[in-house]
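Source file: entry25.pdb. Holds: PDB, C-alpha atoms.
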ATOM      1  CA  MET A   1       5.693  39.957 -13.163
ATOM      2  CA  ALA A   2       6.506  37.861 -10.088
ATOM      3  CA  THR A   3       6.200  39.432  -6.658
ATOM      4  CA  ILE A   4       9.021  38.856  -4.214
ATOM      5  CA  ILE A   5       7.758  39.000  -0.630
ATOM      6  CA  PHE A   6      10.202  39.896   2.124
ATOM      7  CA  THR A   7       8.886  39.458   5.637
ATOM      8  CA  LEU A   8      10.286  38.815   9.063
ATOM      9  CA  SER A   9       8.427  35.845  10.416
ATOM     10  CA  GLY A  10      10.875  33.204  11.585
ATOM     11  CA  GLN A  11      10.453  30.776   8.712
ATOM     12  CA  THR A  12      10.804  30.601   4.950
ATOM     13  CA  GLU A  13       7.879  29.283   2.920
ATOM     14  CA  MET A  14       6.051  29.472  -0.399
ATOM     15  CA  MET A  15       2.912  31.556  -0.194
ATOM     16  CA  GLU A  16       0.450  30.710  -2.946
ATOM     17  CA  LEU A  17       1.372  32.379  -6.257
ATOM     18  CA  ARG A  18       2.435  35.705  -4.842
ATOM     19  CA  GLY A  19       6.076  34.713  -4.454
ATOM     20  CA  PHE A  20       8.186  33.360  -1.685
ATOM     21  CA  ARG A  21       9.078  34.557   1.746
ATOM     22  CA  VAL A  22      12.587  35.278   3.025
ATOM     23  CA  SER A  23      12.148  35.688   6.726
ATOM     24  CA  MET A  24      13.674  36.532  10.042
ATOM     25  CA  LYS A  25      12.284  35.728  13.442
ATOM     26  CA  ILE A  26      11.444  38.374  16.026
ATOM     27  CA  SER A  27       9.901  38.051  19.450
ATOM     28  CA  LYS A  28       6.361  39.123  20.275
ATOM     29  CA  ASN A  29       5.752  42.756  21.153
ATOM     30  CA  LYS A  30       8.618  43.700  18.907
ATOM     31  CA  LEU A  31       8.965  44.990  15.458
ATOM     32  CA  LEU A  32      11.390  45.370  12.765
ATOM     33  CA  LEU A  33      11.954  47.577   9.794
ATOM     34  CA  LEU A  34      13.849  46.270   6.731
ATOM     35  CA  VAL A  35      13.859  48.153   3.427
ATOM     36  CA  VAL A  36      15.230  46.065   0.526
ATOM     37  CA  ILE A  37      15.833  47.383  -2.998
ATOM     38  CA  LEU A  38      16.211  44.712  -5.648
ATOM     39  CA  VAL A  39      16.155  44.168  -9.379
ATOM     40  CA  ILE A  40      13.268  41.963 -10.440
ATOM     41  CA  ALA A  41      14.637  41.587 -13.970
ATOM     42  CA  CYS A  42      17.701  39.850 -12.571
ATOM     43  CA  VAL A  43      15.807  38.204  -9.695
ATOM     44  CA  ALA A  44      18.583  39.177  -7.300
ATOM     45  CA  LEU A  45      17.734  37.535  -3.972
ATOM     46  CA  VAL A  46      18.960  38.634  -0.556
ATOM     47  CA  PHE A  47      19.383  35.977   2.139
ATOM     48  CA  THR A  48      20.329  36.211   5.794
ATOM     49  CA  VAL A  49      23.494  35.150   7.540
ATOM     50  CA  THR A  50      24.208  34.273  11.158
ATOM     51  CA  SER A  51      28.009  34.456  11.343
ATOM     52  CA  TYR A  52      27.930  38.040  12.686
ATOM     53  CA  SER A  53      31.129  38.710  10.749
ATOM     54  CA  GLY A  54      30.150  42.344  10.284
ATOM     55  CA  ASN A  55      29.414  42.947  13.974
ATOM     56  CA  THR A  56      31.582  45.772  15.299
ATOM     57  CA  LYS A  57      31.649  46.850  18.927
ATOM     58  CA  TYR A  58      31.665  50.560  19.775
ATOM     59  CA  GLU A  59      31.775  52.447  23.055
ATOM     60  CA  HIS A  60      28.445  53.592  24.487
ATOM     61  CA  PRO A  61      29.070  56.032  27.337
ATOM     62  CA  GLU A  62      25.407  57.105  27.307
ATOM     63  CA  GLY A  63      24.566  54.020  29.397
ATOM     64  CA  TYR A  64      21.160  53.108  27.981
ATOM     65  CA  ILE A  65      22.712  51.274  25.014
ATOM     66  CA  GLN A  66      24.921  48.204  25.366
ATOM     67  CA  ASN A  67      26.859  46.065  22.900
ATOM     68  CA  ILE A  68      25.834  42.444  22.647
ATOM     69  CA  ASP A  69      27.532  39.258  21.460
ATOM     70  CA  PRO A  70      24.854  36.677  20.551
ATOM     71  CA  ALA A  71      27.379  33.842  20.832
ATOM     72  CA  SER A  72      27.648  34.471  24.586
ATOM     73  CA  TYR A  73      23.980  33.621  25.138
ATOM     74  CA  GLU A  74      22.610  30.118  25.374
ATOM     75  CA  GLU A  75      19.563  30.895  23.233
ATOM     76  CA  SER A  76      19.012  33.564  20.609
ATOM     77  CA  SER A  77      17.225  34.276  17.347
ATOM     78  CA  ILE A  78      19.089  36.821  15.230
ATOM     79  CA  ASP A  79      19.484  36.777  11.446
ATOM     80  CA  ILE A  80      21.462  39.548   9.789
ATOM     81  CA  PRO A  81      20.547  40.521   6.208
ATOM     82  CA  SER A  82      23.584  39.759   4.062
ATOM     83  CA  ILE A  83      23.295  43.148   2.363
ATOM     84  CA  ILE A  84      24.373  44.869   5.622
ATOM     85  CA  THR A  85      28.136  44.500   5.627
ATOM     86  CA  LYS A  86      29.041  46.406   8.813
ATOM     87  CA  TYR A  87      26.866  46.975  11.873
ATOM     88  CA  GLU A  88      26.641  46.745  15.642
ATOM     89  CA  LEU A  89      24.274  44.600  17.684
ATOM     90  CA  ILE A  90      22.929  46.357  20.763
ATOM     91  CA  THR A  91      20.290  46.298  23.468
ATOM     92  CA  ILE A  92      18.444  49.463  24.468
ATOM     93  CA  ASP A  93      16.782  50.460  27.731
ATOM     94  CA  ALA A  94      13.682  51.933  26.050
ATOM     95  CA  VAL A  95      12.402  53.625  29.215
ATOM     96  CA  GLU A  96      15.696  55.416  29.894
ATOM     97  CA  PHE A  97      16.083  56.261  26.205
ATOM     98  CA  LYS A  98      12.676  57.961  26.219
ATOM     99  CA  GLN A  99      13.361  59.742  29.507
ATOM    100  CA  THR A 100      16.591  61.133  28.052
ATOM    101  CA  ALA A 101      14.804  62.276  24.877
ATOM    102  CA  ASP A 102      12.273  64.069  27.091
ATOM    103  CA  THR A 103      15.053  66.244  28.534
ATOM    104  CA  GLY A 104      15.560  67.791  25.076
ATOM    105  CA  THR A 105      19.231  66.813  24.720
ATOM    106  CA  MET A 106      20.689  63.383  24.000
ATOM    107  CA  GLU A 107      24.229  62.113  23.623
ATOM    108  CA  LEU A 108      24.175  59.084  21.376
ATOM    109  CA  ASN A 109      26.929  56.973  19.840
ATOM    110  CA  LEU A 110      25.580  55.120  16.830
ATOM    111  CA  ALA A 111      27.557  52.904  14.438
ATOM    112  CA  GLY A 112      30.791  54.451  15.679
ATOM    113  CA  THR A 113      29.722  58.092  15.331
ATOM    114  CA  GLY A 114      29.001  60.297  18.342
ATOM    115  CA  PHE A 115      26.088  62.732  18.240
ATOM    116  CA  VAL A 116      24.669  65.415  20.481
ATOM    117  CA  LEU A 117      20.984  65.619  19.578
ATOM    118  CA  GLU A 118      18.574  68.456  20.210
ATOM    119  CA  MET A 119      15.127  66.882  20.525
ATOM    120  CA  GLU A 120      11.686  68.420  20.299
ATOM    121  CA  PRO A 121       8.995  67.308  22.785
ATOM    122  CA  GLY A 122       7.587  63.891  21.976
ATOM    123  CA  ILE A 123       4.318  63.667  20.061
ATOM    124  CA  TRP A 124       1.782  61.143  21.341
ATOM    125  CA  VAL A 125       0.828  59.903  17.892
ATOM    126  CA  ASN A 126      -2.111  57.720  18.934
ATOM    127  CA  GLU A 127      -3.523  59.886  21.721
ATOM    128  CA  GLY A 128      -7.235  59.321  22.178
ATOM    129  CA  VAL A 129      -7.275  56.349  19.823
ATOM    130  CA  LYS A 130      -9.255  53.423  21.182
ATOM    131  CA  GLY A 131      -9.361  49.859  19.982
ATOM    132  CA  LEU A 132     -12.013  47.172  20.231
ATOM    133  CA  PHE A 133     -11.206  43.727  21.603
ATOM    134  CA  ASP A 134     -13.041  40.639  22.787
ATOM    135  CA  ASP A 135     -12.499  39.419  26.339
ATOM    136  CA  GLU A 136     -12.357  35.748  27.295
ATOM    137  CA  ASN A 137     -16.159  35.681  27.503
ATOM    138  CA  GLY A 138     -16.535  36.943  23.941
ATOM    139  CA  THR A 139     -17.704  40.412  25.020
ATOM    140  CA  THR A 140     -16.460  43.253  22.816
ATOM    141  CA  LEU A 141     -14.824  45.990  24.907
ATOM    142  CA  GLU A 142     -13.111  49.291  24.160
ATOM    143  CA  ARG A 143      -9.745  50.339  25.538
ATOM    144  CA  GLU A 144      -7.057  52.944  25.078
ATOM    145  CA  MET A 145      -4.231  51.822  22.813
ATOM    146  CA  GLU A 146      -0.699  51.613  24.197
ATOM    147  CA  ALA A 147       0.927  55.028  23.804
ATOM    148  CA  ILE A 148       3.338  55.488  20.888
ATOM    149  CA  TYR A 149       5.537  58.593  20.767
ATOM    150  CA  GLN A 150       7.403  60.214  17.924
ATOM    151  CA  TYR A 151      10.423  62.434  18.555
ATOM    152  CA  ASN A 152      11.862  64.808  15.984
ATOM    153  CA  GLY A 153      15.135  66.631  16.332
ATOM    154  CA  MET A 154      18.453  67.643  14.824
ATOM    155  CA  VAL A 155      22.156  67.162  15.360
ATOM    156  CA  ARG A 156      23.608  70.005  17.378
ATOM    157  CA  ASP A 157      25.513  72.533  15.223
ATOM    158  CA  LYS A 158      23.874  71.094  12.080
ATOM    159  CA  PRO A 159      20.311  72.456  12.285
ATOM    160  CA  GLU A 160      19.929  72.942   8.531
ATOM    161  CA  THR A 161      21.505  69.710   7.290
ATOM    162  CA  SER A 162      20.415  67.098   9.825
ATOM    163  CA  LYS A 163      17.213  65.340  10.819
ATOM    164  CA  VAL A 164      16.466  62.976  13.693
ATOM    165  CA  LEU A 165      13.364  60.791  13.966
ATOM    166  CA  PHE A 166      12.637  58.256  16.718
ATOM    167  CA  THR A 167       9.453  56.256  17.263
ATOM    168  CA  MET A 168       9.149  54.545  20.624
ATOM    169  CA  ASP A 169       7.067  53.246  23.474
ATOM    170  CA  ASP A 170       8.156  51.821  26.834
ATOM    171  CA  GLN A 171       9.475  48.658  25.193
ATOM    172  CA  THR A 172      10.685  49.570  21.733
ATOM    173  CA  VAL A 173      12.911  52.146  20.045
ATOM    174  CA  LEU A 174      13.218  52.657  16.283
ATOM    175  CA  GLY A 175      14.826  55.565  14.520
ATOM    176  CA  THR A 176      17.072  57.276  12.026
ATOM    177  CA  ILE A 177      19.623  60.086  12.110
ATOM    178  CA  ASP A 178      20.400  61.913   8.865
ATOM    179  CA  SER A 179      23.627  63.923   8.980
ATOM    180  CA  ASN A 180      26.494  64.751   6.605
ATOM    181  CA  ASN A 181      24.800  62.937   3.697
ATOM    182  CA  GLU A 182      24.640  59.728   5.735
ATOM    183  CA  ARG A 183      21.721  57.921   7.356
ATOM    184  CA  TYR A 184      22.182  56.038  10.620
ATOM    185  CA  VAL A 185      19.522  53.438  11.421
ATOM    186  CA  ILE A 186      18.257  51.613  14.529
ATOM    187  CA  GLU A 187      16.044  48.575  13.856
ATOM    188  CA  GLN A 188      14.979  45.475  15.737
ATOM    189  CA  ILE A 189      16.728  42.328  14.569
ATOM    190  CA  GLY A 190      15.815  39.551  17.036
ATOM    191  CA  TRP A 191      16.263  38.474  20.642
ATOM    192  CA  VAL A 192      18.492  36.718  23.172
ATOM    193  CA  MET A 193      17.476  34.826  26.288
ATOM    194  CA  ASP A 194      19.185  36.449  29.272
ATOM    195  CA  ASN A 195      18.594  34.733  32.641
ATOM    196  CA  ASN A 196      15.202  33.437  31.474
ATOM    197  CA  THR A 197      14.272  36.897  30.157
ATOM    198  CA  LYS A 198      13.849  37.494  26.436
ATOM    199  CA  ARG A 199      15.633  40.735  25.501
ATOM    200  CA  THR A 200      15.171  42.563  22.226
ATOM    201  CA  VAL A 201      18.289  42.936  20.101
ATOM    202  CA  TYR A 202      18.703  45.903  17.740
ATOM    203  CA  ILE A 203      20.953  46.414  14.768
ATOM    204  CA  ALA A 204      22.532  49.835  14.201
ATOM    205  CA  TYR A 205      24.240  50.646  10.922
ATOM    206  CA  LYS A 206      24.982  53.271   8.307
ATOM    207  CA  GLU A 207      23.163  53.049   4.988
ATOM    208  CA  SER A 208      26.509  53.422   3.236
ATOM    209  CA  ASP A 209      27.378  49.980   4.660
ATOM    210  CA  ILE A 210      24.507  48.365   2.724
ATOM    211  CA  LYS A 211      25.331  46.697  -0.575
ATOM    212  CA  TYR A 212      22.189  46.671  -2.672
ATOM    213  CA  THR A 213      21.331  46.798  -6.326
ATOM    214  CA  ILE A 214      19.362  49.820  -7.453
ATOM    215  CA  SER A 215      16.269  49.066  -9.504
ATOM    216  CA  SER A 216      16.347  49.885 -13.193
ATOM    217  CA  TYR A 217      12.856  51.378 -12.967
ATOM    218  CA  PRO A 218      12.672  55.175 -13.104
ATOM    219  CA  SER A 219      12.608  56.865  -9.721
ATOM    220  CA  GLY A 220       9.850  59.199  -8.634
ATOM    221  CA  LYS A 221       7.102  56.976 -10.002
ATOM    222  CA  GLU A 222       3.887  57.280  -8.004
ATOM    223  CA  PHE A 223       2.514  54.138  -6.364
ATOM    224  CA  PRO A 224      -0.472  53.785  -4.008
ATOM    225  CA  LEU A 225      -0.160  53.022  -0.310
ATOM    226  CA  GLU A 226      -1.129  49.394   0.328
ATOM    227  CA  PHE A 227      -0.703  46.675   2.916
ATOM    228  CA  LEU A 228      -1.563  43.004   3.381
ATOM    229  CA  VAL A 229      -2.608  41.200   6.577
ATOM    230  CA  SER A 230      -2.079  37.407   6.569
ATOM    231  CA  ASN A 231      -2.679  34.642   9.096
ATOM    232  CA  GLY A 232      -0.025  31.984   8.619
ATOM    233  CA  ASP A 233      -0.995  30.140  11.798
ATOM    234  CA  GLU A 234      -3.097  26.971  12.116
ATOM    235  CA  TYR A 235      -5.561  28.781  14.374
ATOM    236  CA  PRO A 236      -7.908  31.754  13.817
ATOM    237  CA  HIS A 237      -6.834  35.151  15.193
ATOM    238  CA  THR A 238      -8.221  38.647  15.653
ATOM    239  CA  ILE A 239      -5.895  41.488  14.714
ATOM    240  CA  SER A 240      -6.430  45.246  14.913
ATOM    241  CA  VAL A 241      -4.521  47.534  12.544
ATOM    242  CA  GLU A 242      -3.975  51.277  12.879
ATOM    243  CA  LEU A 243      -2.097  53.295  10.277
ATOM    244  CA  PHE A 244      -0.627  56.735  10.997
ATOM    245  CA  ASP A 245       1.297  59.176   8.835
ATOM    246  CA  SER A 246       4.616  60.641  10.030
ATOM    247  CA  ALA A 247       2.784  63.521  11.732
ATOM    248  CA  GLY A 248       0.731  61.114  13.844
ATOM    249  CA  THR A 249      -2.554  61.531  11.961
ATOM    250  CA  LEU A 250      -4.665  58.385  12.004
ATOM    251  CA  LEU A 251      -5.274  57.342   8.384
ATOM    252  CA  TYR A 252      -6.913  53.954   8.780
ATOM    253  CA  THR A 253      -8.128  51.580  11.491
ATOM    254  CA  ASN A 254      -9.872  48.228  11.339
ATOM    255  CA  ILE A 255     -10.182  44.900  13.139
ATOM    256  CA  TYR A 256      -9.952  41.623  11.224
ATOM    257  CA  THR A 257     -10.788  38.074  12.268
ATOM    258  CA  LEU A 258      -8.779  35.744  10.058
ATOM    259  CA  GLU A 259      -9.162  32.006   9.692
ATOM    260  CA  PRO A 260      -6.021  29.852   9.298
ATOM    261  CA  HIS A 261      -4.062  30.894   6.184
ATOM    262  CA  GLU A 262      -6.599  33.587   5.329
ATOM    263  CA  TYR A 263      -5.433  37.061   4.288
ATOM    264  CA  VAL A 264      -7.021  40.425   3.578
ATOM    265  CA  HIS A 265      -5.875  43.162   1.213
ATOM    266  CA  PRO A 266      -7.517  46.448   2.295
ATOM    267  CA  PRO A 267      -8.276  49.026  -0.399
ATOM    268  CA  GLU A 268      -5.320  51.045  -1.624
ATOM    269  CA  MET A 269      -4.859  54.586  -0.322
ATOM    270  CA  GLU A 270      -3.166  57.671  -1.675
ATOM    271  CA  ASN A 271       0.550  57.744  -0.893
ATOM    272  CA  THR A 272       1.194  61.256   0.404
ATOM    273  CA  ASP A 273       4.036  60.778   2.898
ATOM    274  CA  GLU A 274       7.557  59.356   3.055
ATOM    275  CA  ASN A 275       7.048  57.343   6.239
ATOM    276  CA  TYR A 276       4.098  55.607   7.892
ATOM    277  CA  ILE A 277       3.562  53.898  11.257
ATOM    278  CA  PHE A 278       1.547  50.708  11.665
ATOM    279  CA  LYS A 279       0.289  49.871  15.161
ATOM    280  CA  VAL A 280      -0.934  46.278  15.327
ATOM    281  CA  THR A 281      -2.476  44.300  18.202
ATOM    282  CA  LEU A 282      -2.950  40.525  18.013
ATOM    283  CA  ASP A 283      -5.635  38.841  20.120
ATOM    284  CA  ASN A 284      -5.651  41.852  22.457
ATOM    285  CA  ASN A 285      -2.333  41.019  24.124
ATOM    286  CA  VAL A 286       0.495  41.040  21.562
ATOM    287  CA  SER A 287       1.404  44.423  20.071
ATOM    288  CA  GLY A 288       3.844  45.575  17.438
ATOM    289  CA  THR A 289       4.792  48.817  15.714
ATOM    290  CA  TYR A 290       6.223  49.053  12.220
ATOM    291  CA  ASN A 291       7.816  52.071  10.552
ATOM    292  CA  PHE A 292       7.069  51.615   6.857
ATOM    293  CA  THR A 293       8.906  53.567   4.154
ATOM    294  CA  PRO A 294       7.462  52.881   0.683
ATOM    295  CA  ASP A 295       9.982  51.976  -1.996
ATOM    296  CA  THR A 296      10.652  54.961  -4.267
ATOM    297  CA  TYR A 297      11.598  52.866  -7.296
ATOM    298  CA  ASP A 298       9.097  50.004  -7.440
ATOM    299  CA  TYR A 299       5.663  49.077  -6.180
ATOM    300  CA  SER A 300       5.836  48.105  -2.504
ATOM    301  CA  ALA A 301       3.340  47.234   0.203
ATOM    302  CA  ALA A 302       3.618  46.624   3.928
ATOM    303  CA  ASP A 303       3.240  42.978   4.943
ATOM    304  CA  ILE A 304       1.698  42.186   8.348
ATOM    305  CA  TYR A 305       1.957  38.486   9.091
ATOM    306  CA  ILE A 306       0.702  36.275  11.931
ATOM    307  CA  THR A 307       2.802  33.210  12.586
ATOM    308  CA  ASN A 308       3.514  30.726  15.355
ATOM    309  CA  ASP A 309       6.662  30.274  17.421
ATOM    310  CA  SER A 310       7.528  26.600  17.125
ATOM    311  CA  ASP A 311       9.427  26.765  20.440
ATOM    312  CA  THR A 312       6.642  28.238  22.576
ATOM    313  CA  GLY A 313       3.533  27.439  20.526
ATOM    314  CA  LYS A 314       2.430  31.074  20.794
ATOM    315  CA  ALA A 315       1.403  33.317  17.933
ATOM    316  CA  TYR A 316       3.206  36.567  17.230
ATOM    317  CA  ILE A 317       3.293  39.370  14.670
ATOM    318  CA  SER A 318       5.955  39.919  12.040
ATOM    319  CA  PHE A 319       6.416  42.728   9.569
ATOM    320  CA  GLY A 320       8.021  43.132   6.175
ATOM    321  CA  MET A 321       7.748  44.626   2.726
ATOM    322  CA  MET A 322       6.455  43.210  -0.544
ATOM    323  CA  VAL A 323       8.280  44.509  -3.601
ATOM    324  CA  SER A 324       7.586  43.876  -7.282
TER
END
Can the structure in the file be given as structure tokens, please?
Amino acid sequence: MATIIFTLSGQTEMMELRGFRVSMKISKNKLLLLVVILVIACVALVFTVTSYSGNTKYEHPEGYIQNIDPASYEESSIDIPSIITKYELITIDAVEFKQTADTGTMELNLAGTGFVLEMEPGIWVNEGVKGLFDDENGTTLEREMEAIYQYNGMVRDKPETSKVLFTMDDQTVLGTIDSNNERYVIEQIGWVMDNNTKRTVYIAYKESDIKYTISSYPSGKEFPLEFLVSNGDEYPHTISVELFDSAGTLLYTNIYTLEPHEYVHPPEMENTDENYIFKVTLDNNVSGTYNFTPDTYDYSAADIYITNDSDTGKAYISFGMMVS
């Protein structure tokens, strides 16, 4: 059976015999979560579009979220998956977002729906975790990893039927709100250049606005937890990988030095959770966080990919999912 590899790397290419890569570009230090369900028997492919025809602007009185129109910027890199038919493109002040979550109450307007959220104190999911890195003299040093926080909560007046989950640091916000049998999603989708500053762009949408084909495989089938780390650059790189479960427990950590176009496939692990968090650091100065939700219908694995920005010549990290 062929393996279709979806990743977000800024280019589309054939990768050996494992399949092909449908990709979207993101800036360094950023991450992106994209869950795609497809039918292998029909080989139904999902491509990206850049017309922004589904972009809808909503009011954001909370202040730390702003609408964005990519066409008004001189330079941008944003590709919208064609399966998302209605969405909004936004920027987020991650520091203010986190500060508001720390107060315990948040007002948030997402994809046209207003919420008042009751948040629990943030959990420092990688507290005490240290990583190894080589300095410019080749000396291996140890340092504290950049703090990642997870916030759980609920929608006010719906404590039994709602769930809120945000993962964030001082630069990035990812999350979901489940309420009234609907899931609202915030994911990174690209960047715009604003007065010589690269700003992360997020996509917010409702899962009911996704048009995807459900797999014919039976649901509930157990698959192991796996991931792949690949170096698609022309230069060698060192990359550290940490894997946490949704409660913040460290499940796996390792550092890999990969030659050009080399990849590693760590041993499979038992899949015991619905969501996982990958914390990745490239060459000790480029970091990314990926919320990975294994596919419940087919085999899936997280894809961590090193590639090179043709505009700047710098390497960066991209994330995606392999499905077969």
- Task: Name the residues in contact with stretch 302-317 of chain A at a cut-off of 6 Å, using all atoms listed in the file, excluding same-chain residues fewer than 6 positions from it; report them as a ChimeraX atom specification.
- Result: /A:28,227-233
- Item | Residue IDs satisfying the PyMOL selection byres ((chain A and resi 166) around 8), as JSON, numbers by chain | {"A": [150, 151, 152, 164, 165, 167, 168, 173, 174, 175, 176]}
- Message: For this structure, which residues satisfy the selection - the PyMOL selection byres ((chain A and resi 245-247) around 7) - when it is evaluated on the file as given? I want them as a list in words.
- Response: Leu243, Phe244, Gly248, Thr249, Leu250, Leu251, Asp273, Asn275, Tyr276 and Ile277 of chain A
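A straight line drawn from atom CA of A:Arg183 to atom CA of A:Glu207 is 5.6 Å long.
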- Message: To one decimal place in Å, what is the distance between atom CA of A:Gly112 and atom CA of A:Pro81?
- Response: 19.7 Å
- Item | Residue nearest A:Gly104 among A:Ile239, A:Asn285, A:Leu141, A:Gly153 (counting only C-alpha atoms) |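 Of A:Ile239, A:Asn285, A:Leu141, A:Gly153, the one nearest A:Gly104, counting only C-alpha atoms, is A:Gly153.
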- Task: Can you give me, as a ChimeraX atom specification, the residues this file yields under the PyMOL selection byres ((chain A and resi 49-63) around 10)?
- Result: /A:46-48,64-71,77-90,92-93,96-97,100,106-114,203-205,209
- Message: Please compute the atom CA of A:Gln99-atom CA of A:Ile186 distance, one decimal, in Å.
- Response: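 Result for atom CA of A:Gln99 versus atom CA of A:Ile186: 17.7 Å, one decimal.
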- Could you check which of A:Val95, A:Thr172, A:Pro159, A:Gly128 is closest to A:Glu144, using only C-alpha atoms? A:Gly128
- Counting all atoms listed in the file, the option among A:Glu187, A:Thr103, A:Glu127, A:Glu234 closest to A:Tyr290: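 Of A:Glu187, A:Thr103, A:Glu127, A:Glu234, the one nearest A:Tyr290, counting all atoms listed in the file, is A:Glu187.
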- Nearest to A:Met145: which of A:Ser318, A:Gln188, A:Asn284, A:Thr197 is it, counting all atoms listed in the file?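 For A:Met145, the nearest of the candidates is A:Asn284.
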Model the absent atoms of stretch 233-249 of chain A so that N, CA, C and O atoms are present, and write the result as a CSV table (one decimal), in the coordinates of the input.
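The resulting file, out.csv, is shown below:
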chain,number,residue,atom,x,y,z
A,233,ASP,N,-0.9,31.1,10.7
A,233,ASP,CA,-1.0,30.1,11.8
A,233,ASP,C,-2.1,29.1,11.5
A,233,ASP,O,-2.9,29.3,10.5
A,234,GLU,N,-2.1,28.0,12.3
A,234,GLU,CA,-3.1,27.0,12.1
A,234,GLU,C,-4.4,27.3,12.9
A,234,GLU,O,-5.3,26.5,12.9
A,235,TYR,N,-4.4,28.4,13.6
A,235,TYR,CA,-5.6,28.8,14.4
A,235,TYR,C,-6.1,30.2,13.9
A,235,TYR,O,-5.3,31.0,13.5
A,236,PRO,N,-7.4,30.4,14.2
A,236,PRO,CA,-7.9,31.8,13.8
A,236,PRO,C,-7.4,32.8,14.8
A,236,PRO,O,-7.1,32.5,16.0
A,237,HIS,N,-7.3,34.1,14.3
A,237,HIS,CA,-6.8,35.2,15.2
A,237,HIS,C,-7.6,36.4,14.8
A,237,HIS,O,-8.1,36.6,13.7
A,238,THR,N,-7.7,37.3,15.9
A,238,THR,CA,-8.2,38.6,15.7
A,238,THR,C,-7.1,39.6,15.7
A,238,THR,O,-6.2,39.6,16.7
A,239,ILE,N,-7.0,40.5,14.8
A,239,ILE,CA,-5.9,41.5,14.7
A,239,ILE,C,-6.4,42.9,14.4
A,239,ILE,O,-7.3,43.0,13.5
A,240,SER,N,-6.0,43.9,15.2
A,240,SER,CA,-6.4,45.2,14.9
A,240,SER,C,-5.3,46.0,14.3
A,240,SER,O,-4.1,45.8,14.7
A,241,VAL,N,-5.6,46.8,13.3
A,241,VAL,CA,-4.5,47.5,12.5
A,241,VAL,C,-4.8,49.0,12.6
A,241,VAL,O,-6.0,49.4,12.2
A,242,GLU,N,-3.9,49.8,13.0
A,242,GLU,CA,-4.0,51.3,12.9
A,242,GLU,C,-2.8,51.8,12.0
A,242,GLU,O,-1.7,51.3,12.2
A,243,LEU,N,-3.1,52.7,11.2
A,243,LEU,CA,-2.1,53.3,10.3
A,243,LEU,C,-2.1,54.8,10.5
A,243,LEU,O,-3.1,55.5,10.4
A,244,PHE,N,-0.8,55.3,10.8
A,244,PHE,CA,-0.6,56.7,11.0
A,244,PHE,C,0.4,57.3,10.0
A,244,PHE,O,1.3,56.5,9.5
A,245,ASP,N,0.2,58.6,9.6
A,245,ASP,CA,1.3,59.2,8.8
A,245,ASP,C,2.4,59.7,9.8
A,245,ASP,O,2.3,59.5,11.0
A,246,SER,N,3.5,60.3,9.2
A,246,SER,CA,4.6,60.6,10.0
A,246,SER,C,4.3,61.7,11.0
A,246,SER,O,5.0,62.0,12.0
A,247,ALA,N,3.2,62.5,10.8
A,247,ALA,CA,2.8,63.5,11.7
A,247,ALA,C,1.9,63.0,12.8
A,247,ALA,O,1.5,63.7,13.7
A,248,GLY,N,1.6,61.7,12.8
A,248,GLY,CA,0.7,61.1,13.8
A,248,GLY,C,-0.8,61.1,13.5
A,248,GLY,O,-1.6,60.8,14.4
A,249,THR,N,-1.1,61.5,12.3
A,249,THR,CA,-2.6,61.5,12.0
A,249,THR,C,-3.0,60.1,11.6
A,249,THR,O,-2.4,59.4,10.9
